[in-house]
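Q: This is my_file20.tsv, which holds TSV, C-alpha atoms:
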chain	number	residue	atom	x	y	z
Q	34	MET	CA	98.24	-24.21	-35.04
Q	35	LYS	CA	95.84	-21.28	-35.47
Q	36	VAL	CA	95.92	-18.76	-32.63
Q	37	PRO	CA	92.47	-17.36	-31.77
Q	38	ASN	CA	92.26	-13.59	-32.08
Q	39	THR	CA	91.11	-13.31	-28.46
Q	40	LEU	CA	94.39	-14.89	-27.30
Q	41	GLN	CA	96.85	-12.94	-29.44
Q	42	LYS	CA	96.93	-9.97	-27.04
Q	43	LEU	CA	97.40	-12.32	-24.07
Q	44	ILE	CA	100.32	-14.03	-25.81
Q	45	LYS	CA	101.93	-10.70	-26.64
Q	46	ASN	CA	101.62	-9.58	-22.99
Q	47	TYR	CA	103.12	-12.88	-21.84
Q	48	LEU	CA	106.11	-12.60	-24.17
Q	49	LEU	CA	106.71	-9.03	-23.02
Q	50	GLY	CA	106.40	-10.13	-19.38
Q	51	PHE	CA	103.33	-8.02	-18.60
Q	52	GLU	CA	100.63	-10.67	-18.14
Q	53	ASN	CA	98.52	-10.83	-14.98
Q	54	LYS	CA	97.59	-14.03	-13.16
Q	55	ALA	CA	94.20	-14.40	-14.85
Q	56	GLU	CA	95.81	-14.00	-18.30
Q	57	TYR	CA	98.52	-16.51	-17.38
Q	58	ASP	CA	95.94	-19.07	-16.26
Q	59	THR	CA	93.96	-18.59	-19.48
Q	60	LEU	CA	97.05	-19.09	-21.62
Q	61	LYS	CA	98.20	-22.12	-19.63
Q	62	LYS	CA	94.83	-23.82	-20.08
Q	63	TRP	CA	94.78	-23.06	-23.81
Q	64	PHE	CA	98.30	-24.43	-24.37
Q	65	GLU	CA	97.46	-27.60	-22.44
Q	66	GLU	CA	94.36	-28.17	-24.57
Q	67	ALA	CA	96.22	-27.34	-27.77
Q	68	GLU	CA	99.01	-29.77	-26.92
Q	69	ALA	CA	96.48	-32.54	-26.34
Q	70	ASN	CA	94.23	-31.90	-29.33
Q	71	ASP	CA	96.17	-30.05	-31.99
Q	72	MET	CA	99.67	-31.49	-32.13
Q	73	PRO	CA	101.52	-31.00	-35.46
Q	74	SER	CA	101.53	-33.88	-37.92
Q	75	ASP	CA	104.45	-36.28	-38.28
Q	76	ASN	CA	105.22	-34.73	-41.66
Q	77	ASP	CA	105.39	-31.26	-40.10
Q	78	ILE	CA	107.74	-32.50	-37.37
Q	79	GLN	CA	110.02	-34.26	-39.88
Q	80	ALA	CA	110.14	-31.21	-42.13
Q	81	SER	CA	111.11	-29.01	-39.17
Q	82	GLN	CA	113.80	-31.46	-38.10
Q	83	GLN	CA	115.27	-31.56	-41.60
Q	84	HIS	CA	115.28	-27.75	-41.76
Q	85	VAL	CA	117.08	-27.46	-38.42
Q	86	LEU	CA	119.59	-30.20	-39.34
Q	87	LYS	CA	120.35	-28.51	-42.66
Q	88	ARG	CA	121.07	-25.21	-40.90
Q	89	LEU	CA	123.18	-26.87	-38.22
Q	90	ASN	CA	125.27	-28.69	-40.83
Q	91	HIS	CA	125.70	-25.41	-42.72
Q	92	SER	CA	126.94	-23.72	-39.54
Q	93	MET	CA	129.80	-26.21	-39.18
Q	94	THR	CA	131.63	-24.90	-42.27
Q	95	PHE	CA	134.06	-22.04	-41.70
Q	96	PRO	CA	136.02	-21.03	-44.84
Q	97	GLU	CA	139.10	-18.84	-44.58
Q	98	PRO	CA	137.91	-15.25	-43.97
Q	99	LYS	CA	138.39	-12.44	-46.43
Q	100	SER	CA	139.61	-9.18	-44.89
Q	101	ILE	CA	137.90	-5.84	-45.43
Q	102	GLY	CA	139.30	-2.44	-44.43
Q	103	TYR	CA	137.50	0.53	-42.90
Q	104	ARG	CA	138.44	4.13	-42.20
Q	105	TYR	CA	138.31	3.61	-38.44
Q	106	GLY	CA	141.15	1.14	-38.75
Q	107	ILE	CA	138.84	-1.84	-38.26
Q	108	HIS	CA	139.63	-5.01	-40.20
Q	109	ILE	CA	136.60	-7.19	-40.67
Q	110	ALA	CA	136.51	-10.72	-42.07
Q	111	ALA	CA	133.68	-12.66	-43.69
Q	112	SER	CA	132.95	-16.37	-43.60
Q	113	ILE	CA	130.04	-18.69	-42.88
Q	114	THR	CA	127.83	-18.99	-39.77
Q	115	ILE	CA	124.22	-19.50	-38.84
Q	116	ALA	CA	121.71	-17.41	-36.95
Q	117	PHE	CA	119.66	-18.75	-34.10
Q	118	GLY	CA	115.87	-18.96	-34.31
Q	119	PHE	CA	113.94	-18.70	-31.07
Q	120	ALA	CA	110.62	-20.33	-30.28
Q	121	MET	CA	107.72	-18.02	-31.13
Q	122	GLY	CA	110.14	-15.28	-32.16
Q	123	TYR	CA	108.27	-14.66	-35.39
Q	124	PHE	CA	105.00	-14.15	-33.56
Q	125	TYR	CA	106.67	-11.86	-31.04
Q	126	TYR	CA	107.99	-9.46	-33.65
Q	127	GLN	CA	104.90	-9.62	-35.80
Q	128	HIS	CA	102.62	-8.58	-32.94
Q	129	ALA	CA	104.74	-6.56	-30.52
Q	130	VAL	CA	104.69	-2.81	-31.16
Q	131	PHE	CA	108.11	-1.30	-31.89
Q	132	ASP	CA	109.21	2.12	-33.08
Q	133	LYS	CA	112.43	2.49	-35.06
Q	134	ILE	CA	114.99	4.77	-33.39
Q	135	ALA	CA	116.60	7.55	-35.42
Q	136	PRO	CA	120.44	7.65	-35.67
Q	137	ALA	CA	120.59	10.80	-33.55
Q	138	GLN	CA	118.74	8.97	-30.76
Q	139	VAL	CA	120.99	5.92	-31.10
Q	140	ALA	CA	124.05	8.15	-30.62
Q	141	MET	CA	122.61	9.19	-27.26
Q	142	ILE	CA	122.48	5.60	-25.93
Q	143	HIS	CA	125.16	5.37	-23.24
Q	144	PRO	CA	126.72	2.47	-21.34
Q	145	VAL	CA	124.61	1.14	-18.49
Q	146	GLN	CA	125.13	3.12	-15.29
Q	147	GLU	CA	124.74	0.57	-12.49
Q	148	ASN	CA	126.73	-0.27	-9.37
Q	149	VAL	CA	129.06	-3.17	-8.70
Q	150	ARG	CA	127.52	-5.57	-6.17
Q	151	LEU	CA	129.30	-7.64	-3.53
Q	152	THR	CA	127.13	-10.49	-2.23
Q	153	PHE	CA	127.95	-12.59	0.84
Q	154	GLU	CA	127.06	-16.22	1.44
Q	155	ASP	CA	124.23	-15.22	3.80
Q	156	GLY	CA	122.60	-13.20	1.00
Q	157	ALA	CA	123.62	-9.76	2.29
Q	158	VAL	CA	124.63	-7.29	-0.43
Q	159	VAL	CA	127.11	-4.40	-0.35
Q	160	ILE	CA	126.91	-1.80	-3.13
Q	161	LEU	CA	130.14	-0.37	-4.53
Q	162	ASN	CA	129.67	2.93	-6.34
Q	163	ASN	CA	131.52	4.04	-9.47
Q	164	GLN	CA	134.41	5.33	-7.36
Q	165	GLY	CA	134.72	1.95	-5.68
Q	166	LYS	CA	133.55	3.00	-2.22
Q	167	ALA	CA	131.40	0.63	-0.19
Q	168	THR	CA	128.36	1.45	1.93
Q	169	GLN	CA	129.70	-0.64	4.84
Q	170	ALA	CA	132.79	-2.48	6.07
Q	171	ILE	CA	133.71	-5.76	4.39
Q	172	GLU	CA	135.53	-8.65	6.07
Q	173	GLY	CA	139.16	-8.82	5.00
Q	174	VAL	CA	139.12	-5.68	2.85
Q	175	GLN	CA	142.20	-3.51	3.04
Q	176	GLU	CA	140.96	-0.61	0.93
Q	177	ILE	CA	138.43	0.40	-1.70
Q	178	LYS	CA	139.41	3.25	-3.98
Q	179	ASN	CA	139.56	4.28	-7.64
Q	180	GLY	CA	137.25	1.48	-8.70
Q	181	GLU	CA	139.46	-1.18	-7.12
Q	182	LEU	CA	138.70	-3.59	-4.29
Q	183	VAL	CA	141.81	-4.77	-2.40
Q	184	TYR	CA	141.80	-7.55	0.21
Q	185	ASN	CA	144.46	-8.45	2.75
Q	186	ASP	CA	145.17	-11.88	4.22
Q	187	ASN	CA	144.04	-11.01	7.75
Q	188	ALA	CA	140.32	-11.78	7.70
Q	189	ASN	CA	139.00	-12.83	11.12
Q	190	HIS	CA	136.17	-14.82	9.59
Q	191	ILE	CA	136.28	-16.69	6.30
Q	192	VAL	CA	133.19	-15.85	4.24
Q	193	GLN	CA	132.38	-16.57	0.62
Q	194	ASN	CA	132.01	-13.41	-1.48
Q	195	THR	CA	130.61	-12.90	-4.98
Q	196	LEU	CA	131.56	-9.73	-6.86
Q	197	SER	CA	129.21	-8.92	-9.76
Q	198	THR	CA	129.88	-6.30	-12.42
Q	199	PRO	CA	126.87	-4.82	-14.26
Q	200	ARG	CA	126.59	-4.23	-17.96
Q	201	GLY	CA	128.67	-1.27	-19.06
Q	202	GLN	CA	131.33	-1.43	-16.36
Q	203	LEU	CA	134.73	-3.02	-15.69
Q	204	PHE	CA	136.18	-3.60	-12.23
Q	205	LYS	CA	139.47	-4.68	-10.68
Q	206	ILE	CA	139.89	-6.75	-7.54
Q	207	VAL	CA	142.99	-7.87	-5.63
Q	208	LEU	CA	142.28	-11.15	-3.87
Q	209	PRO	CA	143.60	-12.06	-0.38
Q	210	ASP	CA	146.64	-13.86	-1.85
Q	211	GLY	CA	147.60	-10.83	-3.96
Q	212	THR	CA	146.16	-12.22	-7.22
Q	213	LYS	CA	144.89	-9.40	-9.46
Q	214	VAL	CA	141.65	-9.89	-11.41
Q	215	TRP	CA	140.20	-7.56	-14.04
Q	216	MET	CA	136.51	-8.31	-14.56
Q	217	ASN	CA	134.67	-7.54	-17.77
Q	218	ALA	CA	131.08	-6.27	-17.87
Q	219	ASN	CA	128.20	-8.53	-16.82
Q	220	SER	CA	130.47	-10.98	-14.97
Q	221	SER	CA	130.70	-12.48	-11.49
Q	222	LEU	CA	133.53	-13.94	-9.42
Q	223	SER	CA	133.06	-15.99	-6.23
Q	224	TYR	CA	135.98	-16.30	-3.78
Q	225	PRO	CA	136.66	-16.58	-0.02
Q	226	SER	CA	137.79	-13.68	2.16
Q	227	LYS	CA	140.89	-15.76	2.92
Q	228	PHE	CA	142.44	-18.75	1.15
Q	229	ILE	CA	143.05	-21.78	3.36
Q	230	GLY	CA	143.60	-25.44	2.58
Q	231	PRO	CA	145.50	-27.11	-0.28
Q	232	GLU	CA	144.17	-24.88	-3.10
Q	233	ARG	CA	142.90	-21.41	-3.94
Q	234	LEU	CA	139.51	-21.93	-5.59
Q	235	VAL	CA	137.43	-19.22	-7.28
Q	236	GLU	CA	134.40	-19.49	-9.59
Q	237	LEU	CA	133.87	-17.31	-12.66
Q	238	HIS	CA	130.79	-16.57	-14.77
Q	239	GLY	CA	131.59	-14.14	-17.58
Q	240	GLU	CA	135.04	-12.86	-18.52
Q	241	ALA	CA	138.08	-11.99	-16.43
Q	242	TYR	CA	141.84	-11.56	-16.78
Q	243	PHE	CA	143.96	-13.05	-14.00
Q	244	GLU	CA	147.48	-12.26	-12.80
Q	245	VAL	CA	147.94	-15.03	-10.25
Q	246	SER	CA	150.41	-14.70	-7.38
Q	247	LYS	CA	152.83	-17.62	-7.33
Q	248	ASN	CA	152.44	-20.20	-4.59
Q	249	PRO	CA	153.60	-23.73	-5.53
Q	250	GLU	CA	152.18	-25.05	-2.26
Q	251	GLN	CA	148.66	-23.79	-3.01
Q	252	PRO	CA	147.57	-24.05	-6.69
Q	253	PHE	CA	145.09	-21.47	-7.97
Q	254	ILE	CA	141.97	-22.94	-9.63
Q	255	VAL	CA	139.35	-21.08	-11.65
Q	256	LYS	CA	136.11	-23.02	-12.02
Q	257	THR	CA	133.55	-22.15	-14.70
Q	258	THR	CA	130.30	-23.88	-15.66
Q	259	ASP	CA	132.01	-26.46	-17.90
Q	260	GLN	CA	135.70	-26.52	-17.03
Q	261	GLN	CA	138.40	-25.67	-14.54
Q	262	VAL	CA	141.80	-24.02	-15.03
Q	263	ARG	CA	144.67	-24.93	-12.69
Q	264	VAL	CA	147.75	-22.71	-12.30
Q	265	LEU	CA	150.59	-22.04	-9.89
Q	266	GLY	CA	151.30	-18.45	-10.93
Q	267	THR	CA	150.63	-16.98	-14.35
Q	268	HIS	CA	148.68	-14.49	-16.50
Q	269	PHE	CA	145.66	-15.63	-18.50
Q	270	ASN	CA	142.18	-14.67	-19.70
Q	271	ILE	CA	138.98	-16.70	-19.46
Q	272	ASN	CA	135.84	-15.90	-21.46
Q	273	ALA	CA	133.02	-18.04	-20.06
Q	274	TYR	CA	129.68	-16.24	-20.34
Q	275	ASP	CA	126.80	-18.58	-19.54
Q	276	ASN	CA	124.84	-17.62	-22.66
Q	277	ASP	CA	127.77	-18.22	-25.06
Q	278	LEU	CA	128.29	-21.50	-26.90
Q	279	LYS	CA	131.99	-21.75	-26.09
Q	280	THR	CA	134.54	-21.10	-23.35
Q	281	GLN	CA	137.94	-19.64	-24.26
Q	282	THR	CA	141.05	-19.76	-22.08
Q	283	THR	CA	143.94	-17.67	-23.45
Q	284	LEU	CA	147.41	-17.81	-21.90
Q	285	VAL	CA	149.59	-14.70	-21.77
Q	286	GLU	CA	152.42	-15.84	-19.49
Q	287	GLY	CA	153.44	-19.03	-17.67
Q	288	LYS	CA	151.53	-22.31	-17.96
Q	289	VAL	CA	147.97	-23.40	-17.24
Q	290	GLU	CA	146.15	-26.71	-17.27
Q	291	VAL	CA	142.61	-26.71	-18.66
Q	292	GLN	CA	140.34	-29.58	-17.72
Q	293	HIS	CA	136.88	-30.60	-18.96
Q	294	GLN	CA	135.61	-33.83	-17.44
Q	295	GLN	CA	138.41	-36.35	-18.13
Q	296	GLN	CA	140.09	-34.21	-20.81
Q	297	LYS	CA	143.19	-32.22	-19.79
Q	298	MET	CA	145.18	-29.76	-21.86
Q	299	LEU	CA	148.37	-27.83	-21.08
Q	300	LEU	CA	148.77	-24.33	-22.54
Q	301	THR	CA	151.93	-22.34	-23.13
Q	302	PRO	CA	152.00	-18.56	-23.88
Q	303	ASN	CA	149.99	-17.45	-26.92
Q	304	GLN	CA	147.90	-20.60	-26.93
Q	305	GLN	CA	144.17	-20.80	-26.44
Q	306	ALA	CA	141.91	-23.64	-25.29
Q	307	ASN	CA	138.41	-23.68	-26.78
Q	308	LEU	CA	135.64	-25.70	-25.19
Q	309	LYS	CA	132.50	-26.07	-27.28
Q	310	GLY	CA	130.01	-28.65	-26.10
Q	311	THR	CA	132.17	-31.57	-25.03
Q	312	ALA	CA	135.00	-30.86	-27.50
Q	313	LEU	CA	138.18	-29.31	-26.07
Q	314	SER	CA	140.67	-28.02	-28.65
Q	315	LYS	CA	143.81	-25.87	-28.72
Q	316	LYS	CA	145.19	-23.29	-31.15
Q	317	ASN	CA	147.93	-20.65	-31.39
Q	318	VAL	CA	146.82	-17.02	-31.06
Q	319	ASP	CA	148.16	-13.56	-30.35
Q	320	ALA	CA	147.14	-13.44	-26.68
Q	321	ALA	CA	147.38	-9.63	-26.57
Q	322	GLU	CA	144.38	-9.40	-28.90
Q	323	TYR	CA	142.20	-11.24	-26.39
Q	324	ILE	CA	142.83	-8.87	-23.49
Q	325	ASN	CA	142.21	-5.59	-25.33
Q	326	TRP	CA	138.87	-5.32	-23.52
Q	327	ARG	CA	140.80	-4.20	-20.41
Q	328	GLU	CA	141.94	-1.11	-22.33
Q	329	GLY	CA	138.43	-0.15	-23.45
Q	330	TYR	CA	137.90	-2.01	-26.73
Q	331	PHE	CA	135.30	-4.33	-28.18
Q	332	THR	CA	137.35	-7.16	-29.71
Q	333	PHE	CA	136.15	-9.64	-32.33
Q	334	HIS	CA	137.89	-12.82	-33.50
Q	335	ASN	CA	136.05	-14.47	-36.39
Q	336	ALA	CA	132.90	-13.55	-34.47
Q	337	THR	CA	129.33	-14.14	-35.56
Q	338	ALA	CA	126.80	-11.33	-35.71
Q	339	ASN	CA	125.19	-12.70	-32.58
Q	340	GLU	CA	128.50	-12.70	-30.67
Q	341	ILE	CA	129.18	-9.10	-31.68
Q	342	MET	CA	125.75	-7.93	-30.60
Q	343	GLN	CA	126.09	-9.79	-27.30
Q	344	GLN	CA	129.22	-7.73	-26.60
Q	345	LEU	CA	127.28	-4.54	-27.29
Q	346	ALA	CA	124.41	-5.71	-25.09
Q	347	ARG	CA	126.83	-6.29	-22.20
Q	348	TRP	CA	127.92	-2.67	-22.44
Q	349	TYR	CA	124.78	-0.79	-23.45
Q	350	ASP	CA	121.20	-1.04	-22.21
Q	351	LEU	CA	120.10	-3.13	-25.19
Q	352	ASN	CA	118.38	-6.39	-25.96
Q	353	VAL	CA	119.50	-8.43	-28.97
Q	354	ARG	CA	117.33	-10.51	-31.26
Q	355	LEU	CA	118.14	-12.32	-34.52
Q	356	ASP	CA	115.58	-12.78	-37.25
Q	357	ASP	CA	114.83	-16.22	-38.66
Q	358	SER	CA	117.24	-16.05	-41.60
Q	359	GLU	CA	120.87	-16.98	-42.09
Q	360	ILE	CA	123.44	-14.26	-41.42
Q	361	ASN	CA	126.59	-15.08	-43.36
Q	362	GLU	CA	129.13	-12.61	-41.99
Q	363	ARG	CA	131.94	-13.12	-39.48
Q	364	PHE	CA	134.11	-10.31	-38.15
Q	365	SER	CA	137.58	-9.77	-36.69
Q	366	GLY	CA	139.09	-6.59	-35.24
Q	367	LYS	CA	138.51	-4.10	-32.45
Q	368	ILE	CA	136.46	-0.96	-31.90
Q	369	ASN	CA	137.15	1.69	-29.29
Q	370	LYS	CA	134.38	1.93	-26.72
Q	371	GLU	CA	134.87	5.71	-26.58
Q	372	MET	CA	133.01	5.93	-29.89
Q	373	ASN	CA	129.29	6.48	-29.41
Q	374	LEU	CA	126.89	3.66	-30.25
Q	375	GLN	CA	125.86	5.13	-33.61
Q	376	GLU	CA	129.51	5.33	-34.74
Q	377	ILE	CA	130.09	1.72	-33.69
Q	378	LEU	CA	127.01	0.54	-35.57
Q	379	THR	CA	128.11	2.51	-38.64
Q	380	VAL	CA	131.39	0.57	-38.63
Q	381	LEU	CA	129.52	-2.73	-38.51
Q	382	GLN	CA	127.04	-1.66	-41.19
Q	383	SER	CA	129.90	-0.78	-43.53
Q	384	ALA	CA	130.99	-4.43	-43.32
Q	385	GLY	CA	127.58	-5.70	-44.36
Q	386	LEU	CA	125.96	-6.30	-40.99
Q	387	ASN	CA	122.35	-5.10	-41.20
Q	388	PHE	CA	119.99	-4.34	-38.33
Q	389	ASP	CA	117.37	-1.96	-36.98
Q	390	ILE	CA	117.39	-0.31	-33.56
Q	391	VAL	CA	113.86	-0.22	-32.14
Q	392	GLN	CA	112.12	0.36	-28.83
Q	393	ASN	CA	108.78	-0.72	-27.40
Q	394	LYS	CA	106.27	1.33	-25.45
Q	395	ASN	CA	108.29	0.75	-22.26
Q	396	GLN	CA	111.39	2.31	-23.86
Q	397	GLN	CA	113.18	-1.04	-23.95
Q	398	LYS	CA	115.65	-0.89	-26.82
Q	399	THR	CA	116.40	-3.87	-29.06
Q	400	ILE	CA	118.79	-4.57	-31.95
Q	401	LEU	CA	116.98	-6.57	-34.61
Q	402	LEU	CA	119.52	-8.34	-36.81
Q	403	LYS	CA	118.48	-9.14	-40.34
Q	404	ASN	CA	119.93	-10.78	-43.42
Can you give me the file's structure in the form of structure tokens?
A:
Amino acid sequence: MKVPNTLQKLIKNYLLGFENKAEYDTLKKWFEEAEANDMPSDNDIQASQQHVLKRLNHSMTFPEPKSIGYRYGIHIAASITIAFGFAMGYFYYQHAVFDKIAPAQVAMIHPVQENVRLTFEDGAVVILNNQGKATQAIEGVQEIKNGELVYNDNANHIVQNTLSTPRGQLFKIVLPDGTKVWMNANSSLSYPSKFIGPERLVELHGEAYFEVSKNPEQPFIVKTTDQQVRVLGTHFNINAYDNDLKTQTTLVEGKVEVQHQQQKMLLTPNQQANLKGTALSKKNVDAAEYINWREGYFTFHNATANEIMQQLARWYDLNVRLDDSEINERFSGKINKEMNLQEILTVLQSAGLNFDIVQNKNQQKTILLKN
């Protein structure tokens, strides 16, 4: 489909999120007419389907990784994966204006400095600053100090709370039953100000490590988008970011039951449940490696380039985009977050991961991965 020159600027503004209403209406009308009068041929559709199927089949093969050493003590492994293509991505990067950022500027990119937010069921929001202090009283809260929110079990009113961590920040919370939760960046946890009834139910989006207080009479349940984890009292980690393709539940101590639809799986220490699509599987792991993020590390376990860059994006003020080619590297290891961004990227480049750091006219910074 040929894009008229008069519409290319409108499309670029739309993709960048800067279109006005008149431009939006013009684009909407053009797309409706194009869909009706200029649909691709059957041959074009079949060729695209075959291309996508070929790449998907290629992505299902994961040979044994080959380790590579680096002077920072990082061990990086290579195997096979596939990069995502996004609709109209090619046009976006062909026509959007970006300037490449020099290494010295990259080194100055710091973790996002935003506040932790506590949202109540009525929509009210309390801001917690970097020291953990709130702007107002919170039902059931015992104390807020040193970046830690501690509840007691004496709330007068039971309200549903949602604690949200921004990119670039970790946070610890002690729930009303004494359960300790460490939340990773860009995550949210919903819970009541007091647990009543036959179970203790919380809902997680993102990543968190739980040390659950034992109570055989009131099981603790963590619900995510695609699964739920049921425990009586144990230590475990759940990685369940909404934009990831899989959910990982890693057991450190005790026992947990992982359930997806009608599938149930029991884990013992140093086992991990992986849910990808509708497939729930289990494997043995070193659980300690999956909770290093609490100590200030980026951790990678046979990770794709996209997964690695998503971790960086959750910590730094960065967008991530893949190009439309296959990226064949996978990586395992950990990198200390105390290193500046340029040092971290140098480690990844030494292992064969190639990219450019660019910014647009609005100073929005993006990592462009390339083959």
Q: So, counting all atoms listed in the file, which residue among Q:Ala346, Q:Val285, Q:Leu265, Q:Val174 is closest to Pro199 of chain Q?
A: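 Checking each of Q:Ala346, Q:Val285, Q:Leu265, Q:Val174 against Pro199 of chain Q, counting all atoms listed in the file, the winner is Q:Ala346.
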Q: Determine, counting all atoms listed in the file, which protein, DNA and RNA residues have an atom within 7 Å of an atom of Thr283 of chain Q; residues of the same chain fewer than 2 positions away are not included. Present the result as a PyMOL selection string.
A: chain Q and resi 269-271+281+285+303-306+320
Q: Taking 6 positions as the minimum chain separation for residues in the same chain, which residues sit within 10 Å of Leu378 of chain Q when counting all atoms listed in the file? Answer as a ChimeraX atom specification.
A: /Q:136,139-140,342,345,372,386-388,390
Q: Could you check how far atom CA of Arg327 of chain Q sits from atom CA of Glu181 of chain Q, in Å to one decimal?
A: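 Going from atom CA of Arg327 of chain Q over to atom CA of Glu181 of chain Q covers 13.7 Å.
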Q: Under the rule that all atoms listed in the file are counted, which of Q:Thr399, Q:Asn369, Q:Thr332, Q:Asn194 is the nearest residue to Asp155 of chain Q?
A: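 Ranked by minimum distance to Asp155 of chain Q, first place goes to Q:Asn194.
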Q: Quick one: contact table of segment 291-402 of chain Q to segment 218-240 of chain Q, 10 Å max, nearest atom pair and distance in Å to one decimal per residue, counting all atoms listed in the file, chain and number order, as a tab-separated table?
A:
residue	atom	partner	partner_atom	distance
Q:Trp326	CA	Q:Ala218	CA	9.7
Q:Gln344	CA	Q:Ala218	CA	9.0
Q:Ala346	CA	Q:Asn219	CA	9.5
Q:Arg347	CA	Q:Asn219	CA	6.0
Q:Trp348	CA	Q:Ala218	CA	6.6
Q: Residues near Lys297 of chain Q, anyone? I mean within 12 Å using all atoms listed in the file, not counting same-chain ones fewer than 6 positions away, as a list in words.
A: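 Counting all atoms listed in the file, the residues come to Gln260, Gln261, Val262, Arg263, Val289, Glu290, Val291, Ala306, Leu308, Ala312, Leu313, Ser314 and Lys315 of chain Q.
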Q: Have a look at atom CA of Val207 of chain Q and atom CA of Glu244 of chain Q and let me know their distance in Å, one decimal.
A: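 Interatomic distance, atom CA of Val207 of chain Q to atom CA of Glu244 of chain Q: 9.5 Å.
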Q: Point out the residue among Q:Gln296, Q:Gln146, Q:Thr301, Q:Thr212 with the least atom-to-atom distance to Gly266 of chain Q, counting all atoms listed in the file.
A: Q:Thr212
Q: Could you check which of Q:Leu182, Q:Val192, Q:Ala321, Q:Val245 is closest to Thr152 of chain Q, using only C-alpha atoms?
A: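 Closest residue, counting only C-alpha atoms: Q:Val192.
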Q: Provide the atom CA of Asn217 of chain Q to atom CA of Tyr323 of chain Q distance in Å, to one decimal place.
A: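 Separation between atom CA of Asn217 of chain Q and atom CA of Tyr323 of chain Q: 12.0 Å.
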Q: Which residues are near Asp389 of chain Q? Cut-off 9 Å, all atoms listed in the file, ignore same chain within fewer than 6 positions. Put them as a list in words.
A: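 After dropping sequence-adjacent residues, the list is Lys133, Ile134, Thr399, Ile400, Leu401, Leu402 and Lys403 of chain Q.
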